[in-house]
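Peer 1: First the structure, which I've put down as structure tokens, then a few questions once you've had a look.
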Amino acid sequence: MPVSRWYYPTKCTFWTPNIAAIERHVDISSTSPLVWALRLTRLAWLIATIPIHVALVLVHFYYPKLDLPLSLTGKDRPSWTLQQRIFYPLVGRFVWAIAGTGGSPGDFTPKGERAIPLSSVLTQWVSVKWGAEKLRVWVEDVEPWTGEEAGSWFRSEVVDPRGEVNPVKVPCFWWEPHRHGGGARKAREGEKIVLYLVGGGYISGSPVEGTRCYDISRESGLRVVAANYRKATSDGRGYPASLQDALTAYMHLVIHLGYENIILAGDSAGAGLANTLLFYLCITLATSPNPPPNLILPTGLMLYSPWCDLTLSTVLPPRPKYADDFLNMTMIFYASNMYTVNLLRRPTDSKTLGMGDAFEGSPWDLGRAHPFFSPALDKARPLIELVNKVYEARNLSLKFLVISGGAELFAPEIRSFVGNLEAAKSKSRSGGGIRVEWFEVEDELHVFMMAPRWVSPNVERMMKKVVEFLGN
């Protein structure tokens with residue numbers, strides 16, 4: 001694929017200098033010495049400018065009327081605390097230095113797909129309040145289903161027509177409060193569980209990075225299981241690999257362990273995958289001539305800053321009001337292309353895949369414009385309405401909790417996605433169907449829920465909404 005398809009220049013500033021004329025000719029889809037040299041050069045600049053950044057933040061914070069000589073990130077974010085003004089721009093510049101140069105995203109994810117690194121254990125101990133409950137954490141390998149029953153779950157949308165991407169064993173991490181007493185993982189009567197799908201642009205990320213799953217389990221008291229689905233680091237790991245893995249984990253919870261109250265959750269790309277899994281399950285029930293008799297629908301979705309438009313039409317051209325976000329266009333271009341590379345390179349006639357009449361075209365026809373990948377687009381509304389009808393027909397409610405930042409790059413597409421949900425909800429004819437809670441926090445950035453609580457007071461406030469949502 002041409003290099004230009006993987007590169008979008010980041011705006012050149014004092015803090016993030018670049019030479020687009022040179023960088024656009026660097027093959028950032030490789031792990032060449034040149035890419036690493038570019039990363040190290042950017043990191044060196046980031047480190048060298050930290051004292052300047054901190055000094056300017058302090059001066060502007062305590063003497064806001066001074067006219068500073070350099071553009072100060074966060075200058076127009078009066079709601080930011082001192083910690084946010086120091087911490088957020090540094091994170092964004094680190095992302096620019098590392099992820100903004102492409103390369104192999106696996107370099108920044110734990111090498112073993114089932115490893116629980118020491119850093120994860122230490123993070124739990126240093127991030128919790130004194131006296132907070134500790135958690136059991138372990139990993140199990142979930143084998144993909146085979147045979148006739150698997151065939152009713154694995155339909156055309158999740159099957160690679162070339163036969164090159166197939167279901168595999170999926171590492172699933174478990175978080176469990178000690179109050180559960182350990183032992184059997186089978187569902188207790190009426191027990192609710194969270195199936196978490198980690199973010200990282202579909203190309204990187206591990207469930208044991210950060211505190212997201214720890215926080216949800218500890219604060220809510222629920223078990224959390226996170227499927228470490230395959231990341232799109234090569235053609236053989238692009239779509240539909242992630243959906244196959246998410247479906248394998250979901251089937252395990254339903255069929256093997258007997259859970260009937262499952263909340264799908266995720267951040268960024270993981271939240272997008274949660275949407276895709278929901279859509280797939282509803283299509284299966286609505287259009288399959290022989291839907292699985294034991295298929296249980298999720299009871300809710302909890303989404304942190306969901307990526308809702310892989311066509312990138314809602315983020316282009318970049319707008320200055322979202323310039324403070326951690327995300328940059330090069331990493332988004334790279335991730336979108338890597339995840340959908342099989343769709344881009346292998347168009348297939350949808351008539352051979354039998355999608356039914358719920359909406360026009362299949363993922364293999366529409367590519368990134370398909371609702372599986374871009375539910376923020378207007379053309380996704382028929383599928384979201386189908387989801388609403390599937391739940392209404394069974395007199396079930398589907399609760400959505402969406403938490404996003406008002407200053408994040410994905411803010412416009414998240415607003416469009418929520419608008420599509422609300423439009424489907426308005427057509428409900430009974431007490432069932434879609435129910436939406438959406439909190440867009442002013443001046444917050446992408447997946448701010450992963451920030452330490454001492455950095456942003458909004459994390460604590462929104463975590464209370466999470467606990468309330470999971471408790472209902």
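Going by the structure tokens order, chains are called A, B, ..., each with residues numbered from 1, while ligands are numbered from 1 in the order shown.
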Please list as JSON, numbers by chain every residue within 9 Å of region 403-415 of chain A, counting only C-alpha atoms and excluding residues in the same chain fewer than 3 positions away.
Peer 2: {"A": [302, 303, 304, 305, 306, 307, 308, 309, 313, 314, 315, 318, 319, 321, 322, 323, 324, 325, 326, 327, 328, 374, 375, 376, 377, 418, 419, 420, 437, 438, 439, 440, 441, 442, 443, 444, 445, 446, 447, 448, 449, 462]}
Peer 1: Using only C-alpha atoms, determine which residues lie at most 8 Å from Gln83 (chain A), disregarding the query and same-chain residues fewer than 6 positions distant; provide the list as a PyMOL selection string.
Peer 2: chain A and resi 454-456
Peer 1: Those residues you just picked out, can you put them in a file as an mmCIF file, in the first residue's frame with N, CA and C atoms?
Peer 2:
```cif
data_model
loop_
_atom_site.group_PDB
_atom_site.id
_atom_site.type_symbol
_atom_site.label_atom_id
_atom_site.label_comp_id
_atom_site.auth_asym_id
_atom_site.auth_seq_id
_atom_site.Cartn_x
_atom_site.Cartn_y
_atom_site.Cartn_z
ATOM 1 N N TRP A 454 -5.937 12.113 40.521
ATOM 2 C CA TRP A 454 -5.314 13.326 41.030
ATOM 3 C C TRP A 454 -5.039 14.335 39.917
ATOM 4 N N VAL A 455 -5.168 13.882 38.659
ATOM 5 C CA VAL A 455 -4.986 14.786 37.523
ATOM 6 C C VAL A 455 -6.305 15.464 37.168
ATOM 7 N N SER A 456 -7.371 14.676 37.040
ATOM 8 C CA SER A 456 -8.655 15.230 36.631
ATOM 9 C C SER A 456 -9.741 14.888 37.639
#
```
Peer 1: If you count only C-alpha atoms, which residues fall within 9 Å of Val137 (chain A), apart from same-chain ones fewer than 3 positions away, as a list of chain:residue names?
Peer 2: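 Counting only the stated atoms, we get A:Ile116, A:Phe173, A:Trp174, A:Trp175, A:Glu176, A:Tyr214.
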Peer 1: Extract, using only C-alpha atoms, all DNA, RNA and protein residues at most 12 Å from Lys464 (chain A), discarding same-chain residues fewer than 5 positions from it, and format them as a PyMOL selection string.
Peer 2: chain A and resi 215-216+219-220+403+449+457-459+469-471
Peer 1: Within 12 Å of Phe373 (chain A), counting only C-alpha atoms, which residues show up once you throw out same-chain ones fewer than 2 positions away? Write them as a ChimeraX atom specification, please.
Peer 2: /A:201-202,239-240,243,269-277,279-280,306-312,336-337,339-340,343,362-364,366-371,375-377,379-380,413,417
Peer 1: Taking 6 positions as the minimum chain separation for residues in the same chain, which residues sit within 10 Å of Ala187 (chain A) when counting only C-alpha atoms? Answer as a PyMOL selection string.
Peer 2: chain A and resi 193+253-254+256-261
Peer 1: I need the strand (DSSP E or B) residues of region 215-274 of chain A per DSSP on the backbone, written as an MDAnalysis selection string.
Peer 2: chainID A and resid 223:227 261:267
Peer 1: With N, CA, C and O atoms retained, could you export that selection as a tab-separated table (two decimals), in the first residue's frame?
Peer 2:
```
chain	number	residue	atom	x	y	z
A	223	ARG	N	-17.68	-8.78	38.65
A	223	ARG	CA	-16.60	-9.41	37.91
A	223	ARG	C	-16.48	-8.73	36.55
A	223	ARG	O	-17.47	-8.38	35.91
A	224	VAL	N	-15.24	-8.56	36.12
A	224	VAL	CA	-14.95	-8.00	34.80
A	224	VAL	C	-14.07	-9.00	34.07
A	224	VAL	O	-13.07	-9.48	34.62
A	225	VAL	N	-14.45	-9.33	32.84
A	225	VAL	CA	-13.61	-10.19	32.00
A	225	VAL	C	-13.29	-9.41	30.73
A	225	VAL	O	-14.16	-8.77	30.15
A	226	ALA	N	-12.01	-9.40	30.37
A	226	ALA	CA	-11.57	-8.63	29.20
A	226	ALA	C	-10.93	-9.56	28.18
A	226	ALA	O	-9.96	-10.27	28.49
A	227	ALA	N	-11.49	-9.57	26.99
A	227	ALA	CA	-10.94	-10.40	25.91
A	227	ALA	C	-9.77	-9.69	25.26
A	227	ALA	O	-9.94	-8.58	24.74
A	261	ASN	N	-26.81	-11.74	32.03
A	261	ASN	CA	-26.84	-10.28	32.23
A	261	ASN	C	-25.42	-9.77	31.97
A	261	ASN	O	-24.60	-9.66	32.87
A	262	ILE	N	-25.14	-9.47	30.70
A	262	ILE	CA	-23.80	-9.10	30.27
A	262	ILE	C	-23.79	-7.66	29.79
A	262	ILE	O	-24.58	-7.27	28.92
A	263	ILE	N	-22.89	-6.86	30.37
A	263	ILE	CA	-22.66	-5.49	29.93
A	263	ILE	C	-21.42	-5.48	29.04
A	263	ILE	O	-20.34	-5.91	29.46
A	264	LEU	N	-21.57	-5.02	27.80
A	264	LEU	CA	-20.41	-4.83	26.93
A	264	LEU	C	-19.81	-3.45	27.23
A	264	LEU	O	-20.54	-2.46	27.34
A	265	ALA	N	-18.50	-3.40	27.35
A	265	ALA	CA	-17.84	-2.14	27.67
A	265	ALA	C	-16.54	-2.03	26.90
A	265	ALA	O	-15.98	-3.04	26.44
A	266	GLY	N	-16.05	-0.81	26.76
A	266	GLY	CA	-14.79	-0.62	26.08
A	266	GLY	C	-14.46	0.85	25.97
A	266	GLY	O	-15.29	1.72	26.25
A	267	ASP	N	-13.22	1.13	25.58
A	267	ASP	CA	-12.78	2.49	25.36
A	267	ASP	C	-12.24	2.64	23.95
A	267	ASP	O	-11.62	1.73	23.41
```
Peer 1: Provide the CA of Leu90 (chain A) to CA of Thr16 (chain A) distance in Å, to one decimal place.
Peer 2: 10.7 Å
Peer 1: Please, which residues of region 303-339 of chain A, numbered as in this document, come out alpha helix (DSSP H) from DSSP, as a VMD selection string?
Peer 2: chain A and resid 329 to 339
Peer 1: Between CA of Pro293 (chain A) and CA of Leu396 (chain A), what distance in Å does the model show, to one decimal?
Peer 2: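 CA of Leu396 (chain A) lies at a distance of 16.9 Å from CA of Pro293 (chain A).
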